[in-house]
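Asker: One file is attached below, query_18.txt, containing compact mmCIF, C-alpha atoms.
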```txt
# COMPACT_ATOMS: atom_id res chain seq x y z
CA GLY A 1 5.81 13.72 7.10
CA ALA A 2 2.82 12.09 8.75
CA VAL A 3 3.56 9.02 10.84
CA VAL A 4 1.45 5.92 11.35
CA SER A 5 2.38 3.37 13.98
CA GLN A 6 1.30 -0.20 14.46
CA HIS A 7 1.45 -2.36 17.52
CA PRO A 8 2.66 -4.99 17.91
CA SER A 9 5.27 -5.21 15.17
CA TRP A 10 5.14 -8.98 15.38
CA VAL A 11 3.07 -11.53 17.25
CA ILE A 12 2.99 -15.31 17.56
CA CYS A 13 -0.21 -16.90 18.79
CA LYS A 14 -1.72 -20.33 19.11
CA SER A 15 -4.42 -21.54 16.78
CA GLY A 16 -7.88 -20.65 18.07
CA THR A 17 -6.87 -17.56 19.98
CA SER A 18 -7.59 -13.93 19.05
CA VAL A 19 -5.08 -11.21 18.31
CA LYS A 20 -5.59 -7.44 18.31
CA ILE A 21 -3.50 -5.12 16.16
CA GLU A 22 -3.53 -1.36 16.73
CA CYS A 23 -3.02 1.32 14.11
CA ARG A 24 -2.43 4.92 15.20
CA SER A 25 -1.91 8.15 13.31
CA LEU A 26 0.60 9.97 15.48
CA ASP A 27 0.57 13.55 14.30
CA PHE A 28 -2.59 13.92 12.28
CA GLN A 29 -6.26 13.02 12.30
CA ALA A 30 -7.38 10.36 9.87
CA THR A 31 -10.84 10.34 8.35
CA THR A 32 -10.28 6.93 6.96
CA MET A 33 -8.01 4.03 7.76
CA PHE A 34 -7.45 0.98 5.61
CA TRP A 35 -6.35 -2.52 6.51
CA TYR A 36 -4.30 -4.63 4.12
CA ARG A 37 -2.86 -8.11 4.18
CA GLN A 38 0.29 -9.15 2.34
CA PHE A 39 1.49 -12.71 1.82
CA PRO A 40 5.15 -13.36 0.92
CA LYS A 41 6.15 -12.19 -2.54
CA GLN A 42 2.62 -10.93 -3.16
CA SER A 43 1.03 -7.52 -3.31
CA LEU A 44 -1.00 -5.76 -0.66
CA MET A 45 -4.62 -6.86 -0.67
CA LEU A 46 -7.17 -4.47 0.78
CA MET A 47 -9.23 -6.13 3.49
CA ALA A 48 -11.45 -3.32 4.71
CA THR A 49 -12.02 0.42 4.85
CA SER A 50 -12.59 1.92 8.27
CA ASN A 51 -14.22 5.29 8.95
CA GLU A 52 -14.29 6.78 12.42
CA GLY A 53 -17.57 6.16 14.19
CA SER A 54 -19.07 3.90 11.56
CA LYS A 55 -18.94 0.26 10.57
CA ALA A 56 -16.09 -0.90 8.43
CA THR A 57 -16.62 -1.81 4.80
CA TYR A 58 -15.12 -5.17 3.94
CA GLU A 59 -13.81 -6.30 0.59
CA GLN A 60 -15.32 -9.30 -1.11
CA GLY A 61 -14.11 -12.54 0.39
CA VAL A 62 -13.04 -11.03 3.72
CA GLU A 63 -15.03 -12.39 6.66
CA LYS A 64 -16.23 -9.50 8.79
CA ASP A 65 -16.90 -11.77 11.78
CA LYS A 66 -13.36 -13.07 11.69
CA PHE A 67 -11.59 -9.76 11.15
CA LEU A 68 -13.19 -7.29 13.53
CA ILE A 69 -12.39 -3.65 12.92
CA ASN A 70 -13.04 -0.86 15.37
CA HIS A 71 -12.30 2.76 14.49
CA ALA A 72 -12.82 4.35 17.88
CA SER A 73 -11.26 7.75 17.23
CA LEU A 74 -9.69 9.87 14.53
CA THR A 75 -6.28 8.51 15.47
CA LEU A 76 -6.91 4.86 16.30
CA SER A 77 -8.21 1.82 14.46
CA THR A 78 -7.90 -1.77 15.63
CA LEU A 79 -8.05 -5.06 13.78
CA THR A 80 -8.85 -8.19 15.77
CA VAL A 81 -8.21 -11.55 14.16
CA THR A 82 -10.60 -13.88 15.95
CA SER A 83 -10.06 -17.62 16.28
CA ALA A 84 -6.84 -17.38 14.35
CA HIS A 85 -5.67 -20.27 12.20
CA PRO A 86 -2.29 -20.93 10.55
CA GLU A 87 -3.65 -19.71 7.20
CA ASP A 88 -4.20 -16.28 8.81
CA SER A 89 -0.44 -15.96 9.23
CA SER A 90 0.51 -12.92 7.18
CA PHE A 91 1.82 -9.37 7.22
CA TYR A 92 -0.96 -6.97 8.20
CA ILE A 93 -0.52 -3.32 7.26
CA CYS A 94 -2.72 -0.33 7.98
CA SER A 95 -2.80 3.04 6.29
CA ALA A 96 -4.41 6.35 7.14
CA MET A 97 -5.70 9.24 5.07
CA GLU A 98 -5.38 12.71 6.52
CA ILE A 99 -8.37 15.00 6.93
CA GLY A 100 -8.37 18.34 5.35
CA THR A 101 -6.34 18.92 2.26
CA SER A 102 -8.92 19.06 -0.47
CA GLY A 103 -8.43 16.39 -3.06
CA SER A 104 -5.43 14.96 -1.31
CA TYR A 105 -5.39 11.20 -1.47
CA GLU A 106 -2.07 10.63 0.15
CA GLN A 107 -2.07 7.60 2.40
CA TYR A 108 0.46 6.99 5.10
CA PHE A 109 1.27 3.39 5.85
CA GLY A 110 2.18 1.79 9.13
CA PRO A 111 5.27 -0.41 9.45
CA GLY A 112 3.18 -3.59 9.44
CA THR A 113 2.50 -6.40 11.91
CA ARG A 114 3.82 -9.89 11.25
CA LEU A 115 1.31 -12.45 12.57
CA THR A 116 2.33 -16.07 12.93
CA VAL A 117 -0.29 -18.58 14.05
CA THR A 118 1.07 -21.89 15.30
CA SER B 1 -12.31 -7.56 -13.18
CA GLN B 2 -9.67 -4.94 -12.51
CA LYS B 3 -6.14 -5.95 -13.25
CA ILE B 4 -2.81 -4.23 -12.62
CA GLU B 5 0.45 -5.55 -14.02
CA GLN B 6 3.96 -4.41 -13.23
CA ASN B 7 7.25 -5.62 -14.68
CA SER B 8 7.06 -9.25 -13.63
CA GLU B 9 10.81 -9.77 -13.69
CA ALA B 10 13.17 -8.21 -11.22
CA LEU B 11 15.05 -5.26 -12.68
CA ASN B 12 18.83 -5.19 -12.34
CA ILE B 13 20.67 -2.05 -13.37
CA GLN B 14 24.04 -0.42 -12.91
CA GLU B 15 24.52 2.51 -10.55
CA GLY B 16 24.11 5.83 -12.31
CA LYS B 17 21.72 4.51 -14.95
CA THR B 18 18.03 5.30 -15.20
CA ALA B 19 15.60 2.67 -13.95
CA THR B 20 12.23 2.51 -15.70
CA LEU B 21 9.37 0.58 -14.18
CA THR B 22 6.07 -0.08 -15.91
CA CYS B 23 2.53 -0.30 -14.59
CA ASN B 24 -0.31 -1.34 -16.90
CA TYR B 25 -3.93 -1.70 -15.94
CA THR B 26 -7.22 -2.86 -17.43
CA ASN B 27 -10.91 -2.58 -16.62
CA TYR B 28 -10.46 0.46 -14.42
CA SER B 29 -10.58 4.24 -14.62
CA PRO B 30 -8.61 5.49 -11.62
CA ALA B 31 -8.92 8.98 -10.25
CA TYR B 32 -5.18 8.90 -9.59
CA LEU B 33 -2.19 6.61 -9.51
CA GLN B 34 0.47 6.34 -6.86
CA TRP B 35 3.92 4.83 -6.60
CA TYR B 36 5.29 3.41 -3.37
CA ARG B 37 8.58 1.94 -2.25
CA GLN B 38 8.59 -1.11 0.00
CA ASP B 39 11.60 -2.60 1.74
CA PRO B 40 11.51 -6.20 3.05
CA GLY B 41 9.40 -6.56 6.17
CA ARG B 42 8.31 -2.92 6.11
CA GLY B 43 5.22 -0.98 5.13
CA PRO B 44 5.07 0.92 1.82
CA VAL B 45 6.45 4.45 1.68
CA PHE B 46 4.65 6.98 -0.51
CA LEU B 47 6.71 8.41 -3.38
CA LEU B 48 4.52 10.16 -5.92
CA LEU B 49 0.88 10.69 -6.85
CA ILE B 50 -0.34 11.62 -10.31
CA ARG B 51 -3.94 12.45 -11.11
CA GLU B 52 -5.95 11.31 -14.10
CA ASN B 53 -5.72 14.71 -15.75
CA GLU B 54 -1.93 14.96 -15.34
CA LYS B 55 0.64 13.63 -17.79
CA GLU B 56 3.85 13.86 -15.80
CA LYS B 57 5.11 14.52 -12.28
CA ARG B 58 8.63 14.95 -11.00
CA LYS B 59 10.21 14.88 -7.58
CA GLU B 60 13.97 15.10 -7.30
CA ARG B 61 15.34 12.04 -9.17
CA LEU B 62 11.88 10.54 -9.68
CA LYS B 63 9.57 11.01 -12.64
CA VAL B 64 6.15 9.50 -13.26
CA THR B 65 4.12 9.58 -16.45
CA PHE B 66 0.48 8.65 -16.75
CA ASP B 67 -1.24 7.80 -20.04
CA THR B 68 -4.93 7.11 -19.46
CA THR B 69 -5.43 6.19 -23.10
CA LEU B 70 -2.78 3.48 -23.00
CA LYS B 71 -3.72 2.73 -19.37
CA GLN B 72 -0.10 2.85 -18.42
CA SER B 73 2.22 4.60 -16.01
CA LEU B 74 6.00 4.70 -16.22
CA PHE B 75 8.16 5.35 -13.18
CA HIS B 76 11.72 6.55 -13.70
CA ILE B 77 14.57 6.83 -11.23
CA THR B 78 17.46 8.77 -12.71
CA ALA B 79 21.06 8.52 -11.54
CA SER B 80 20.11 5.38 -9.63
CA GLN B 81 21.99 4.43 -6.47
CA PRO B 82 22.34 1.13 -4.60
CA ALA B 83 20.14 2.66 -1.88
CA ASP B 84 17.31 2.75 -4.41
CA SER B 85 17.20 -1.06 -4.35
CA ALA B 86 13.73 -2.06 -3.14
CA THR B 87 10.35 -3.23 -4.39
CA TYR B 88 8.30 -0.55 -6.09
CA LEU B 89 4.53 -0.75 -6.02
CA CYS B 90 2.05 0.90 -8.33
CA ALA B 91 -1.42 1.59 -6.92
CA LEU B 92 -4.60 2.84 -8.54
CA GLY B 93 -6.96 4.94 -6.43
CA ASP B 94 -10.59 6.00 -6.46
CA GLN B 95 -12.28 9.10 -5.03
CA GLY B 96 -12.82 7.39 -1.70
CA GLY B 97 -9.12 6.73 -1.26
CA LYS B 98 -9.36 3.01 -1.89
CA LEU B 99 -6.17 1.66 -3.49
CA ILE B 100 -5.60 -1.40 -5.66
CA PHE B 101 -1.95 -2.45 -5.74
CA GLY B 102 0.11 -4.11 -8.40
CA GLN B 103 2.34 -6.99 -7.43
CA GLY B 104 5.44 -4.81 -7.39
CA THR B 105 8.75 -4.80 -9.23
CA GLU B 106 11.95 -5.62 -7.40
CA LEU B 107 14.72 -3.23 -8.37
CA SER B 108 18.37 -3.99 -7.71
CA VAL B 109 20.98 -1.31 -8.37
CA LYS B 110 24.53 -2.66 -8.53
CA PRO B 111 27.52 -0.47 -7.67
```
Turn this file's structure into structure tokens for me.
Answerer:
Amino acid sequence: GAVVSQHPSWVICKSGTSVKIECRSLDFQATTMFWYRQFPKQSLMLMATSNEGSKATYEQGVEKDKFLINHASLTLSTLTVTSAHPEDSSFYICSAMEIGTSGSYEQYFGPGTRLTVT
Amino acid sequence: SQKIEQNSEALNIQEGKTATLTCNYTNYSPAYLQWYRQDPGRGPVFLLLIRENEKEKRKERLKVTFDTTLKQSLFHITASQPADSATYLCALGDQGGKLIFGQGTELSVKP
């Protein structure tokens, strides 16, 4: 099956610094990538939808200036958490949808990135 | 606003039995519904997708039903095994691929 990778798998940073998380589709091209956040014992919450070559669409309540998304190619999207604070500590997960198969909505999820802000 | 509810309690069953998980939703008309498995500290793994015009889907020991009138999906794992122990997530999707997830049901299969 299709594989999505994330890097890093975990990161610890100091409050006020920025952290970049990469999401790559390894063996397919993704029209669309999604970024989610998951707090302990809670469900995945969609943060933004990212289409290659265009600006990301953010969900209500998600600050676009704080969570910068760049979808530079059909296999790479990045999420940068700017001026991170302890409340940004969470599990960040990306997913990718494959181009091509008509009507196929299958999303492939990355393994997640655990961010801890101290 | 849209709301998705899954079995709020953890589900504990004996090996070999059938596990049945429920997903109910309100204020939404999804184009399709998906079920995912998530293990602790890992990303979700896709299991099954069922479209709005489909009633039932099967894949090996898994079966999903979808009732758009009741706004409910049932997810069955037959002949359950301890390795099936995980959190199972229900997600509703639109034409653009955007998913809304339920909070998940933790399944524990005892040997």
Asker: Hey, what's within 7 Å of Pro86 (chain A) if we count only C-alpha atoms and toss same-chain stuff fewer than 4 positions away? As a ChimeraX atom specification, please?
Answerer: /A:15,117-118
Asker: Residues of chain A within 12 Å of chain B, using all atoms listed in the file, as a count of residues only?
Answerer: 57
Asker: So the first atom is CA of Ile50 (chain B) and the second is CA of Lys17 (chain B); what is the distance between them in Å, to one decimal place?
Answerer: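 So the two atoms, CA of Ile50 (chain B) and CA of Lys17 (chain B), lie 23.6 Å apart.
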Asker: Counting only C-alpha atoms, which residue out of B:Asn12, B:Gln81, B:Ser29, B:Thr87 sits closest to Pro111 (chain B)?
Answerer: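 Checking each candidate against Pro111 (chain B), we get B:Gln81 as the closest.
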Asker: Around all the atoms of region 29-43 of chain A listed in the file, with 8 Å of room on each side, what axis-aligned box do you get, giving centre and edge lengths in Å to one decimal, as lines of an AutoDock Vina configuration file?
Answerer:
```
center_x = -2.3
center_y = -0.2
center_z = 4.5
size_x = 33.0
size_y = 42.4
size_z = 31.6
```
Asker: So that I can check the surroundings of region 63-75 of chain A, please list as an NGL selection string every protein, DNA and RNA residue that reaches within 6 Å of it, counting all atoms listed in the file and ignoring chain neighbours fewer than 5 positions away.
Answerer: :A and (24-25 or 29-30 or 52 or 80-82)
Asker: Quick one: residues within 10 Å of region 67-73 of chain B, only C-alpha atoms counted, chain neighbours fewer than 4 positions away excluded, as a list of chain:residue names?
Answerer: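 Surrounding residues, per the criterion: B:Ile4, B:Glu5, B:Gln6, B:Leu21, B:Thr22, B:Cys23, B:Asn24, B:Tyr25, B:Thr26, B:Asn27, B:Tyr28, B:Ser29, B:Pro30, B:Leu33, B:Gln34, B:Trp35, B:Ile50, B:Arg51, B:Glu52, B:Asn53, B:Glu54, B:Lys55, B:Glu56, B:Cys90.
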